[in-house]
Structures are given as C-alpha cells and as structure tokens.
$ cat target_29.cif   # mmCIF, C-alpha atoms and all ligand atoms
data_my_file
loop_
_atom_site.label_atom_id
_atom_site.label_comp_id
_atom_site.auth_asym_id
_atom_site.auth_seq_id
_atom_site.Cartn_x
_atom_site.Cartn_y
_atom_site.Cartn_z
CA MET F 1 0.00 0.00 0.00
CA ILE F 2 1.29 3.47 -0.84
CA THR F 3 1.15 5.77 2.13
CA GLY F 4 2.97 8.89 1.06
CA SER F 5 1.70 12.41 1.26
CA PRO F 6 2.39 14.85 -1.58
CA ASN F 7 4.02 17.25 0.90
CA THR F 8 6.70 14.89 1.97
CA LYS F 9 10.40 15.60 1.29
CA GLN F 10 11.53 13.95 -1.90
CA TYR F 11 14.56 12.42 -3.54
CA THR F 12 15.85 14.42 -6.48
CA ILE F 13 15.45 11.38 -8.69
CA VAL F 14 14.85 7.66 -8.29
CA PHE F 15 16.36 5.38 -10.92
CA ASN F 16 15.02 1.87 -11.20
CA ASP F 17 15.61 -1.08 -13.50
CA ILE F 18 13.33 -4.06 -13.97
CA THR F 19 15.97 -6.14 -15.73
CA ASN F 20 19.75 -6.17 -15.92
CA ASP F 21 20.15 -7.02 -19.56
CA CYS F 22 19.33 -5.53 -22.95
CA ASN F 23 18.42 -6.86 -26.39
CA LEU F 24 21.17 -4.65 -27.92
CA ARG F 25 24.86 -4.00 -27.36
CA CYS F 26 25.23 -0.38 -28.42
CA VAL F 27 28.77 0.62 -29.11
CA PHE F 28 28.73 3.41 -26.50
CA CYS F 29 26.64 1.65 -23.86
CA PRO F 30 27.90 2.20 -20.28
CA SER F 31 25.76 -0.55 -18.72
CA PRO F 32 27.32 -3.67 -17.21
CA PHE F 33 25.20 -6.40 -18.80
CA SER F 34 24.38 -9.53 -16.90
CA GLY F 35 24.00 -11.56 -20.10
CA SER F 36 20.75 -13.35 -20.81
CA LYS F 37 21.68 -16.41 -18.71
CA ASN F 38 22.18 -14.35 -15.57
CA ASN F 39 19.46 -11.82 -16.25
CA MET F 40 17.38 -11.06 -13.20
CA PHE F 41 13.93 -9.77 -14.07
CA MET F 42 12.38 -7.86 -11.22
CA ASN F 43 9.59 -9.97 -9.74
CA GLU F 44 6.09 -8.78 -8.97
CA GLU F 45 6.61 -8.71 -5.19
CA LEU F 46 9.73 -6.58 -5.46
CA PHE F 47 8.09 -4.32 -8.02
CA GLN F 48 5.25 -3.62 -5.61
CA LYS F 49 7.79 -2.63 -2.96
CA VAL F 50 9.38 -0.27 -5.47
CA MET F 51 5.96 1.23 -6.16
CA THR F 52 5.62 2.26 -2.51
CA LEU F 53 8.51 4.69 -3.12
CA LEU F 54 6.67 6.65 -5.82
CA PRO F 55 5.58 9.44 -3.42
CA LEU F 56 9.24 10.06 -2.63
CA ALA F 57 10.06 11.28 -6.18
CA PRO F 58 9.01 14.46 -7.99
CA ASP F 59 6.84 14.30 -11.12
CA GLY F 60 8.73 12.83 -14.07
CA ASN F 61 11.70 11.81 -11.91
CA PHE F 62 10.84 8.26 -11.04
CA VAL F 63 12.67 6.44 -13.81
CA LEU F 64 11.09 3.03 -14.11
CA SER F 65 13.90 1.82 -16.35
CA CYS F 66 17.02 3.59 -17.53
CA GLY F 67 20.16 1.45 -17.67
CA PHE F 68 18.72 -1.58 -19.47
CA GLU F 69 15.81 -2.41 -21.77
CA PRO F 70 12.41 -2.73 -20.06
CA THR F 71 10.51 -4.21 -23.01
CA ILE F 72 12.44 -7.49 -22.68
CA HIS F 73 10.75 -8.08 -19.30
CA PRO F 74 8.21 -10.85 -19.94
CA HIS F 75 5.61 -9.09 -17.75
CA PHE F 76 6.30 -5.48 -18.64
CA THR F 77 2.68 -4.82 -19.64
CA GLU F 78 1.37 -6.21 -16.36
CA LEU F 79 3.89 -4.21 -14.36
CA LEU F 80 2.82 -1.04 -16.16
CA LYS F 81 -0.81 -1.78 -15.39
CA SER F 82 -0.04 -2.14 -11.70
CA ILE F 83 1.40 1.36 -11.32
CA PRO F 84 -1.11 3.28 -9.17
CA MET F 85 -2.98 5.76 -11.33
CA GLN F 86 -2.52 8.70 -8.93
CA TYR F 87 1.28 8.37 -9.17
CA ARG F 88 1.73 7.80 -12.89
CA ARG F 89 2.77 11.43 -13.45
CA LYS F 90 5.91 10.64 -11.54
CA VAL F 91 7.02 7.89 -13.89
CA CYS F 92 9.08 7.86 -17.06
CA PHE F 93 11.33 5.28 -18.69
CA THR F 94 13.74 4.86 -21.58
CA THR F 95 13.46 2.28 -24.35
CA ASN F 96 15.39 1.49 -27.51
CA LEU F 97 12.09 0.40 -29.10
CA ALA F 98 14.02 -2.08 -31.18
CA ARG F 99 12.49 -5.38 -30.09
CA ARG F 100 11.20 -7.25 -33.08
CA ASN F 101 7.42 -6.83 -33.35
CA LEU F 102 6.79 -5.03 -30.10
CA SER F 103 3.39 -6.28 -29.00
CA ASP F 104 0.26 -4.31 -29.90
CA VAL F 105 -1.02 -4.95 -26.37
CA LEU F 106 2.01 -3.19 -24.87
CA ILE F 107 1.69 -0.26 -27.27
CA GLU F 108 -2.00 0.07 -26.44
CA GLU F 109 -1.30 -0.08 -22.70
CA LEU F 110 1.38 2.57 -23.02
CA SER F 111 -0.93 4.84 -24.97
CA GLN F 112 -3.39 4.77 -22.05
CA SER F 113 -0.78 4.95 -19.33
CA SER F 114 -0.70 8.71 -18.47
CA LEU F 115 2.99 8.37 -17.61
CA HIS F 116 4.95 11.61 -17.39
CA HIS F 117 6.92 10.83 -20.57
CA ILE F 118 8.88 8.12 -22.32
CA ASN F 119 12.35 8.43 -23.82
CA ILE F 120 13.08 6.71 -27.11
CA SER F 121 16.68 6.20 -28.22
CA LEU F 122 17.02 7.32 -31.81
CA ASP F 123 20.44 7.99 -33.28
CA SER F 124 19.73 8.10 -37.00
CA PHE F 125 17.12 7.64 -39.70
CA ASP F 126 19.84 6.16 -41.88
CA ALA F 127 19.62 2.38 -41.51
CA GLY F 128 23.38 1.85 -41.91
CA VAL F 129 24.34 4.48 -39.34
CA TYR F 130 21.61 3.35 -36.94
CA GLU F 131 22.68 -0.29 -37.07
CA SER F 132 26.36 0.55 -36.71
CA LEU F 133 25.64 2.38 -33.43
CA ARG F 134 22.79 0.30 -32.04
CA ARG F 135 24.52 -3.02 -32.40
CA GLY F 136 22.13 -5.95 -32.53
CA ALA F 137 19.22 -3.81 -33.73
CA ARG F 138 17.56 -3.85 -37.14
CA PHE F 139 16.42 -0.46 -38.35
CA SER F 140 13.35 -2.03 -40.01
CA ASP F 141 12.18 -3.37 -36.60
CA PHE F 142 12.76 -0.04 -34.91
CA ILE F 143 10.93 2.04 -37.51
CA ASN F 144 8.06 -0.45 -37.64
CA ASN F 145 7.62 -0.16 -33.86
CA LEU F 146 7.93 3.61 -33.98
CA GLU F 147 5.32 3.97 -36.74
CA ARG F 148 2.85 1.76 -34.87
CA LEU F 149 3.50 3.41 -31.51
CA THR F 150 3.11 6.99 -32.76
CA ARG F 151 -0.04 6.06 -34.73
CA VAL F 152 -1.68 4.63 -31.59
CA PHE F 153 -0.37 7.47 -29.36
CA SER F 154 -1.81 10.10 -31.70
CA ARG F 155 -5.30 8.75 -30.99
CA SER F 156 -5.03 8.80 -27.19
CA CYS F 157 -5.13 11.80 -24.87
CA SER F 158 -3.57 9.66 -22.10
CA ALA F 159 -0.48 8.86 -24.15
CA PRO F 160 2.78 10.04 -22.54
CA PRO F 161 4.77 12.72 -24.38
CA ILE F 162 7.70 11.28 -26.33
CA ARG F 163 11.24 12.55 -25.87
CA TYR F 164 13.89 11.34 -28.26
CA ILE F 165 17.46 10.85 -27.12
CA THR F 166 20.25 10.91 -29.68
CA VAL F 167 23.82 10.04 -28.83
CA VAL F 168 25.93 12.38 -30.92
CA CYS F 169 29.06 11.09 -32.59
CA ARG F 170 30.90 11.70 -35.81
CA SER F 171 28.67 9.45 -37.93
CA ASN F 172 25.39 11.18 -37.10
CA ILE F 173 26.28 14.76 -36.17
CA ASP F 174 25.41 16.14 -39.63
CA GLU F 175 21.99 14.53 -39.42
CA VAL F 176 21.07 16.17 -36.09
CA PRO F 177 18.93 19.07 -37.46
CA SER F 178 16.96 16.76 -39.75
CA ILE F 179 16.40 14.29 -36.88
CA VAL F 180 14.75 17.07 -34.86
CA GLU F 181 12.61 18.14 -37.78
CA LYS F 182 11.49 14.64 -38.70
CA CYS F 183 10.69 13.70 -35.08
CA ALA F 184 8.59 16.84 -34.70
CA LYS F 185 6.72 16.50 -37.99
CA GLN F 186 6.22 12.75 -38.17
CA TYR F 187 6.81 11.20 -34.78
CA LEU F 188 5.05 13.29 -32.10
CA SER F 189 8.23 14.60 -30.56
CA ALA F 190 7.82 16.65 -27.38
CA GLU F 191 11.58 17.22 -27.20
CA ASN F 192 14.84 15.96 -28.65
CA GLU F 193 17.82 15.54 -26.39
CA PHE F 194 21.32 15.38 -27.83
CA ARG F 195 23.71 13.69 -25.56
CA TYR F 196 27.44 13.34 -25.49
CA PHE F 197 28.23 9.66 -25.02
CA TRP F 198 29.46 8.26 -21.74
CA ILE F 199 32.97 6.96 -21.94
CA THR F 200 33.67 3.93 -19.82
CA ASP F 201 36.16 1.06 -19.81
CA ARG F 202 33.63 -0.92 -21.80
CA CYS F 203 33.79 1.43 -24.80
CA ASP F 204 35.93 0.36 -27.71
CA ARG F 205 38.88 2.74 -27.58
CA GLN F 206 39.36 2.91 -31.33
CA TRP F 207 35.66 3.61 -31.82
CA VAL F 208 35.80 6.39 -29.23
CA LYS F 209 38.80 7.92 -30.93
CA ASP F 210 37.16 7.78 -34.37
CA ASN F 211 33.81 9.08 -33.21
CA THR F 212 34.53 11.82 -30.74
CA VAL F 213 33.21 15.09 -32.09
CA THR F 214 35.35 18.16 -31.67
CA TYR F 215 34.35 21.22 -29.79
CA GLU F 216 33.91 23.11 -33.08
CA GLU F 217 31.61 20.40 -34.44
CA TRP F 218 29.54 20.39 -31.26
CA LYS F 219 29.29 24.15 -31.28
CA ASP F 220 28.30 24.19 -34.94
CA MET F 221 25.58 21.62 -34.24
CA ALA F 222 24.26 23.69 -31.32
CA ASN F 223 24.21 26.73 -33.54
CA LYS F 224 22.15 24.97 -36.23
CA LEU F 225 19.74 23.66 -33.61
CA SER F 226 19.20 27.11 -32.16
CA LYS F 227 17.75 28.25 -35.49
CA LEU F 228 15.08 25.56 -35.56
CA PRO F 229 11.61 26.17 -34.12
CA TYR F 230 11.62 22.90 -32.16
CA ARG F 231 12.27 22.03 -28.56
CA TYR F 232 15.62 20.39 -27.85
CA SER F 233 18.25 20.11 -25.16
CA LEU F 234 21.96 19.40 -25.07
CA ALA F 235 23.36 17.20 -22.37
CA ALA F 236 26.67 15.92 -21.25
CA ALA F 237 26.86 13.05 -18.83
CA PRO F 238 28.10 13.78 -15.32
CA GLY F 239 31.51 12.24 -14.85
CA LEU F 240 32.38 12.70 -18.50
CA SER F 241 36.01 11.86 -19.08
CA PRO F 242 38.30 12.34 -22.07
CA PRO F 243 37.89 9.69 -24.77
CA ASP F 244 41.42 8.44 -24.89
CA PRO F 245 44.08 9.10 -22.26
CA SER F 246 46.78 9.01 -24.96
CA SER F 247 44.99 11.68 -26.99
CA SER F 248 46.34 15.19 -26.62
CA SER F 249 43.60 16.90 -28.60
CA SER F 250 43.47 20.45 -27.30
CA GLU F 251 40.17 20.91 -29.11
CA TYR F 252 38.70 18.13 -27.08
CA ASP F 253 40.08 19.51 -23.81
CA ARG F 254 38.53 22.84 -24.64
CA PHE F 255 35.21 21.16 -25.34
CA ILE F 256 35.32 19.40 -21.96
CA SER F 257 36.19 22.57 -20.08
CA GLU F 258 33.44 24.49 -21.86
CA ILE F 259 30.69 22.05 -21.08
CA GLN F 260 31.84 21.91 -17.48
CA ASP F 261 31.57 25.64 -17.22
CA PRO F 262 28.10 26.42 -15.86
CA GLN F 263 28.16 29.80 -17.60
CA LYS F 264 28.39 28.24 -21.05
CA ARG F 265 26.69 24.90 -21.11
CA ALA F 266 23.06 24.49 -22.07
CA VAL F 267 22.35 21.76 -19.56
CA HIS F 268 23.83 21.20 -16.11
CA THR F 269 26.59 18.70 -15.70
CA ILE F 270 26.79 19.18 -11.92
CA PRO F 271 23.48 18.11 -10.41
CA PRO F 272 22.20 20.21 -7.50
CA ALA F 273 22.90 18.35 -4.25
CA PRO F 274 21.21 15.18 -5.42
CA HIS F 275 19.43 12.79 -3.14
CA ALA F 276 19.09 9.97 -5.58
CA LEU F 277 18.46 6.25 -5.41
CA TRP F 278 19.34 3.58 -7.91
CA ILE F 279 17.26 0.42 -7.55
CA GLN F 280 18.52 -2.59 -9.47
CA SER F 281 16.29 -5.40 -10.68
CA THR F 282 17.79 -7.67 -8.00
CA GLY F 283 16.52 -5.37 -5.24
CA ARG F 284 19.86 -3.76 -4.43
CA VAL F 285 19.40 -0.05 -3.70
CA ASP F 286 22.37 2.32 -3.95
CA VAL F 287 22.24 5.80 -2.49
CA PHE F 288 24.03 8.19 -4.81
CA GLY F 289 27.05 9.89 -3.30
CA TYR F 290 27.17 7.50 -0.33
CA ASP F 291 29.05 4.29 -0.14
CA VAL F 292 26.04 2.38 1.16
CA HIS F 293 23.49 0.04 -0.30
CA PHE F 294 20.45 -1.80 0.95
CA ASP F 295 18.57 -4.92 -0.10
CA LEU F 296 14.97 -4.02 -0.77
CA ASN F 297 13.98 -7.68 -0.45
CA ASN F 298 14.82 -7.50 3.26
CA ILE F 299 13.03 -4.24 4.00
CA SER F 300 9.49 -4.81 5.13
CA GLU F 301 8.39 -1.18 5.06
CA PRO F 302 10.33 0.41 2.21
CA TYR F 303 8.42 3.69 2.23
CA ASP F 304 9.13 4.32 5.92
CA PHE F 305 12.72 3.22 5.57
CA PHE F 306 13.61 5.43 2.61
CA LYS F 307 11.61 8.36 3.90
CA ASN F 308 13.56 8.22 7.16
CA LEU F 309 16.81 7.92 5.24
CA LEU F 310 15.82 11.01 3.30
CA GLU F 311 15.40 12.93 6.55
CA ILE F 312 19.01 12.17 7.34
CA LEU F 313 20.24 12.99 3.84
CA TRP F 314 18.55 16.36 4.11
CA LEU F 315 20.75 17.18 7.07
CA SER F 316 23.59 17.45 4.58
CA THR F 317 21.69 19.41 1.97
CA GLU F 318 22.82 22.78 3.15
CA ARG F 319 26.46 21.77 3.02
CA ALA F 320 26.06 20.04 -0.33
CA ASN F 321 24.47 23.18 -1.81
CA GLU F 322 27.37 25.21 -0.52
CA LEU F 323 29.73 22.71 -2.12
CA ARG F 324 27.95 22.93 -5.46
CA LEU F 325 28.36 26.70 -5.55
CA PHE F 326 31.94 26.23 -4.62
CA VAL F 327 32.50 23.77 -7.51
CA ALA F 328 30.90 26.18 -9.97
CA GLU F 329 33.09 28.98 -8.71
CA ALA F 330 36.25 26.87 -8.87
CA LEU F 331 35.53 25.84 -12.45
CA LYS F 332 35.42 29.47 -13.49
CA LEU F 333 38.84 30.13 -12.10
CA ARG F 334 42.09 29.34 -13.83
CA GLY F 335 45.78 28.83 -13.02
CA GLU F 336 47.15 28.91 -9.50
CA THR F 337 44.00 30.25 -7.90
CA ALA F 338 41.99 27.43 -9.44
CA GLY F 339 44.49 24.87 -8.13
CA ARG F 340 44.28 26.27 -4.59
CA ARG F 341 40.50 26.43 -4.69
CA LEU F 342 40.25 22.91 -6.08
CA SER F 343 42.42 21.44 -3.32
CA GLU F 344 40.32 23.30 -0.76
CA MET F 345 37.27 21.82 -2.44
CA GLU F 346 38.74 18.33 -2.21
CA SER F 347 39.21 18.68 1.53
CA ARG F 348 35.61 19.86 1.86
CA ILE F 349 34.41 16.87 -0.13
CA HIS F 350 36.38 14.63 2.22
CA GLY F 351 34.76 16.33 5.22
CA LEU F 352 31.33 15.87 3.72
CA LYS F 353 32.01 12.21 3.02
CA VAL F 354 33.07 11.61 6.61
CA GLU F 355 29.95 13.36 7.84
CA ARG F 356 27.76 11.29 5.54
CA GLU F 357 29.34 8.04 6.76
CA ARG F 358 28.73 9.10 10.35
CA LEU F 359 25.08 9.87 9.60
CA VAL F 360 24.52 6.56 7.86
CA ASP F 361 26.02 4.72 10.84
CA GLU F 362 23.82 6.70 13.18
CA LEU F 363 20.74 5.84 11.15
CA SER F 364 21.55 2.18 11.34
CA ASP F 365 22.17 2.37 15.14
CA ILE F 366 18.95 4.27 15.70
CA ARG F 367 16.87 1.84 13.67
CA SER F 368 18.26 -1.18 15.46
CA SER F 369 17.87 0.31 18.95
CA PHE F 370 15.31 -1.18 21.29
CA GLY F 371 13.76 2.21 22.01
CA TYR F 372 13.17 2.97 18.35
CA LYS F 373 11.64 -0.44 17.66
CA LEU F 374 9.40 -0.07 20.70
CA MET F 375 8.40 3.41 19.60
CA ARG F 376 7.47 2.19 16.11
CA PHE F 377 5.51 -0.76 17.45
CA TYR F 378 3.36 1.39 19.71
CA ALA F 379 3.30 4.45 17.44
CA PRO F 380 -0.31 4.20 16.15
CA LYS F 381 -1.68 3.67 19.69
CA ILE F 382 0.45 6.44 21.17
CA ASP F 383 -0.65 8.83 18.42
CA ARG F 384 -4.25 8.18 19.37
CA ILE F 385 -3.68 8.58 23.11
CA CYS F 386 -1.39 11.62 22.74
CA PRO F 387 -2.85 13.73 19.90
CA GLU F 388 -0.91 16.66 18.52
CA GLY F 389 -1.60 19.99 20.23
CA THR F 390 -2.06 18.49 23.72
CA MET F 391 0.46 18.45 26.56
CA ARG F 392 0.75 14.67 26.18
CA GLY F 393 1.31 15.09 22.46
CA GLN F 394 4.15 17.55 23.06
CA LEU F 395 5.73 15.32 25.65
CA ILE F 396 5.69 12.26 23.37
CA ARG F 397 7.31 14.25 20.58
CA ILE F 398 10.15 15.30 22.87
CA ILE F 399 10.67 11.66 23.89
CA ARG F 400 10.72 10.62 20.22
CA ARG F 401 13.34 13.20 19.37
CA ILE F 402 15.53 11.95 22.21
CA ILE F 403 15.19 8.32 21.05
CA SER F 404 15.86 9.36 17.45
CA GLY F 405 19.14 10.97 18.42
CA GLU F 406 17.85 14.48 17.58
CA HIS F 407 17.42 13.41 13.95
CA ASN F 408 13.69 14.09 13.95
CA LEU F 409 12.95 10.64 12.60
CA PRO F 410 9.19 10.23 12.49
CA SER F 411 7.98 6.98 13.96
CA SER F 412 4.98 6.69 11.63
CA ASP F 413 3.29 8.63 8.85
S1 LIG K 1 19.78 0.24 -25.78
FE1 LIG K 1 20.58 1.33 -24.03
S2 LIG K 1 20.93 -0.28 -22.49
FE2 LIG K 1 20.71 -1.29 -24.48
S3 LIG K 1 22.78 -1.54 -25.21
FE3 LIG K 1 21.96 0.35 -26.07
S4 LIG K 1 22.62 1.96 -24.66
FE4 LIG K 1 22.85 0.01 -23.61
#
$ encode --input "target_29.cif" --output "structure tokens"
Amino acid sequence: MITGSPNTKQYTIVFNDITNDCNLRCVFCPSPFSGSKNNMFMNEELFQKVMTLLPLAPDGNFVLSCGFEPTIHPHFTELLKSIPMQYRRKVCFTTNLARRNLSDVLIEELSQSSLHHINISLDSFDAGVYESLRRGARFSDFINNLERLTRVFSRSCSAPPIRYITVVCRSNIDEVPSIVEKCAKQYLSAENEFRYFWITDRCDRQWVKDNTVTYEEWKDMANKLSKLPYRYSLAAAPGLSPPDPSSSSSEYDRFISEIQDPQKRAVHTIPPAPHALWIQSTGRVDVFGYDVHFDLNNISEPYDFFKNLLEILWLSTERANELRLFVAEALKLRGETAGRRLSEMESRIHGLKVERERLVDELSDIRSSFGYKLMRFYAPKIDRICPEGTMRGQLIRIIRRIISGEHNLPSSD
C-alpha cells in the first residue's frame, strides 16, 4: 500500500531497473550487462515494494527503467498496469524500441498509461548508421515499432509525451537538425535531447577515438539547432572523461572545459545536491554519493525506511548546496587560484564524506535500537492517546526526538 503524502520531502530522482540485460549491445553503452543467462527480471513482489517509493520522487523523476531495456521483461505490460494511477505522473522510462514486433497490447497499454513521458533512443534515420551504433538492432524493426506506436499514441489523450534521445558522434552529427525536424513533424516529438556519449572502460577505444566530435563540431551543431523552431536540449553526462588518455587533442580539452563551465553549457553537468536512489532489478538499492546500499527484499516497510533515510540525507543538503556553488566557482577560475581552490574543495568533499558516513552509521544504530523499535511498534496507539496539540502530544514528541538521536525521525506517517 502506498502511504505517502504529496508534501513529503523527496529524492531528487529515483532510478530503477526491472531487468539487468538488454536486447542490444550499443557501441557506446555504459551498462554492465548480466548476459541473458544471468538476467534477473524484477519480480512482482519486489516491483510492488518499489511502487511504494513513488511518493518520494518528484513528477517525471521516477525512472522506471534507464540502464537496461524494459521491453524485454516478460511481464512489462502487467507491471505497467499495476502502477497506481494517482502516481503515474511521476514515472518515465527509456526504451530502444528495437524489439522485433513489439506487441500491440504493450503499445495500447502505453498509450493509455498517463505516464509523465517516455524516452526513445534514436540515433539516426539512416539504416546503416543506426545499425552501426545500435549493435544488434535492425532499423526495419525499430521504424516499424515507432510507426505503430506513434499512430496509436496520436489517438489517445492519455499517451505520454515522447522525448527522443540521440547520442551524438561523428557518424550522425550532420543529421542532427533533420532528426529534430522529422521527429517533430512525423513522430510526435515533445523534445529531442542530444547527448554526449558516456565513456567507460567498456567502450571500444578505437571507436571512441574515431567518433569523438570536436568542440567546433559540437558548437556548430548547437548553432544549427538554435535556429530551428523545435524544442531540444543538449546534455553531457556527469563524470564525462576524455575519450582516450593518450589523446592530446586540445580541441577536445577545450570542449570538456566548456561544457563543465556552468556559464556556457546548455544543460547542467553538476546536479544540485542530489538525493538519488538507484534500484537494481535484483533489489539492491544504492544511495548516490554515499558508499552504502540496501537490499529491498529485506526491508518490510520500504516507504518508511527510505523516507527516514531522506530525513538524514537532508541534514547534509545545506552543506552540499554550498559545495555545489563552490565547484561552480572553482571551475570558473584558472591557473594557480583554481588549483588552490580545487584542493580546498577536495578537503571539503572529504569532510562531507566523513559526515555522511557518520550519519549513515547513526541511522543504522537508531533503527536497530530497542527504544526505536518499541516506539514504532506502539506508534499508532500512542498517536491516538497523545494527539498533537495536547500536553501529552508535546511530551511524546520530545521523547521521540531523544530516542531518534535528535534526527527528527518520524515513527509513523
Ligand atoms: S539500448 Fe541502451 S541499455 Fe541497451 S545496449 Fe543500447 S545503450 Fe545500452
């Protein structure tokens, strides 16, 4: 049962995955695939636990699937159906839409879903380019699915808006303006996002070297886009790193420093003090920025647990915001001053990390303490006997704060 109130504090974003594999092996993909033999589809019970966390995310920021391909889940349609209607505005997901003959039932269900939006990966309308990037996909399957999906979506007022995501590299950069135009005119585009690819150890180094666009090319593309009457955004992945350590391309270095400069980039690369969760299909939950993870399978009241965790994360918000401003400032500086500021920043980051570790330990101690367990067990009864606004109510709140180590952990919602 979902118990959240719309006024509750929220995570910046919640990422979820219902599988840990994909039907494709895109050349720039950063995801660590399980392989089909070890794929772990999220089961119904776990999915329902995940659903209890919906109130903890803002609209459009509960990502049902992002790192892998949701349409390969054998029960994807049923899972979609089970998302509570009042929270569907929170949900979005990303798909490559390249499964052969995507089922009509799924397309119909999606068209009625009222989700916040869906992202479709689309790198080219040229079959050769598309297939060279989206390895394992057939362009004919993709376009067939896209045609059917947009036809059905155009007839439904509950259909989610479609955002297209294009990974920009040398082979498709010239096509970018026409991609925007075609998506807007033929394929119901609400927005096109152009993304610089993530570079990880898994990327083929030669491919990265051959496909990295220069700063001038990127700038030229942005310039052409700005003249079009369509909605688009430019994004660079956080943690972007140079394509090839042996490369000494000054153009590329300039490109990196420009997109990291908050004054010049179109889209933020430094997220504002994020409180984010990443839920894997196995049930493992990682808390972004903290070296901790939990197993959702073992948490009987996930909403309470992650809401209380959020209370603790918020204690650091003020300092994290300060740090973000500091990072932005440091990036604007150059030379010796920048070096001094950056080392100061590093020591602040270390301080913040230590503080976070302490808070996580405290949370765990508090939750396992006898007093806290007792308080939670009797909470509903105590709330009835000691209503808010009475002397007894005030007294019980003081006692709760003492038991919660001054962290203002609520005992019930
Ligand atoms: S579709 Fe997405 S998850 Fe699948 S291989 Fe491509 S980039 Fe990776």
$ residues_near_ligand --input "target_29.cif" --ligand "ligand LIG 1 (chain K)" --cutoff "7 Å" --atoms "all atoms listed in the file" --output "PyMOL selection string"
chain F and resi 22-26+28-31+67-69+95-96+134
$ atom_distance --input "target_29.cif" --atom1 "CA of Glu311 (chain F)" --atom2 "CA of Val287 (chain F)"
13.4 Å
$ atom_distance --input "target_29.cif" --atom1 "CA of Ser226 (chain F)" --atom2 "CA of Asn192 (chain F)"
12.5 Å
$ residues_around --input "target_29.cif" --residues "Arg100 (chain F)" --least-positions-apart "4" --cutoff "10 Å" --atoms "only C-alpha atoms" --output "PyMOL selection string"
chain F and resi 23+137-138+140-142+144-145
$ closest_residue --input "target_29.cif" --among "F:Gly393, F:Gly60, F:Pro160, F:Pro74" --to "Met40 (chain F)" --atoms "all atoms listed in the file"
F:Pro74
$ residues_near_point --input "target_29.cif" --point "(1.7, 9.5, -16.5)" --cutoff "6 Å" --atoms "only C-alpha atoms" --output "ChimeraX atom specification"
/F:88-89,113-116
$ residues_around --input "target_29.cif" --residues "region 118-130 of chain F" --least-positions-apart "5" --cutoff "8 Å" --atoms "all atoms listed in the file" --output "ChimeraX atom specification"
/F:92-97,138-140,160-168,171-172,175,179
$ residues_around --input "target_29.cif" --residues "Asp220 (chain F)" --least-positions-apart "6" --cutoff "10 Å" --atoms "only C-alpha atoms" --output "list in words"
Ile173, Asp174, Thr214 and Ser226 of chain F
$ closest_residue --input "target_29.cif" --among "F:Met221, F:Val285, F:Leu80, F:Val50" --to "Val180 (chain F)" --atoms "only C-alpha atoms"
F:Met221
$ atom_distance --input "target_29.cif" --atom1 "CA of Asn211 (chain F)" --atom2 "CA of Ala235 (chain F)"
17.1 Å
$ residues_around --input "target_29.cif" --residues "Glu301 (chain F)" --least-positions-apart "5" --cutoff "10 Å" --atoms "only C-alpha atoms" --output "list in words"
Met1, Lys49, Thr52, Leu296 and Phe306 of chain F
$ closest_residue --input "target_29.cif" --among "F:Cys157, F:Val208, F:Leu146, F:Val14" --to "Arg170 (chain F)" --atoms "all atoms listed in the file"
F:Val208
$ closest_residue --input "target_29.cif" --among "F:Asp383, F:Leu149, F:Ser158, F:Ser300" --to "Gln48 (chain F)" --atoms "all atoms listed in the file"
F:Ser300
$ closest_residue --input "target_29.cif" --among "F:Ile382, F:Phe62, F:Lys90, F:Ser178" --to "Leu395 (chain F)" --atoms "only C-alpha atoms"
F:Ile382
$ closest_residue --input "target_29.cif" --among "F:Lys81, F:Arg231, F:His275, F:His293" --to "Trp314 (chain F)" --atoms "only C-alpha atoms"
F:His275
$ residues_around --input "target_29.cif" --residues "Val105 (chain F)" --least-positions-apart "4" --cutoff "9 Å" --atoms "all atoms listed in the file" --output "MDAnalysis selection string"
chainID F and resid 77 109:110
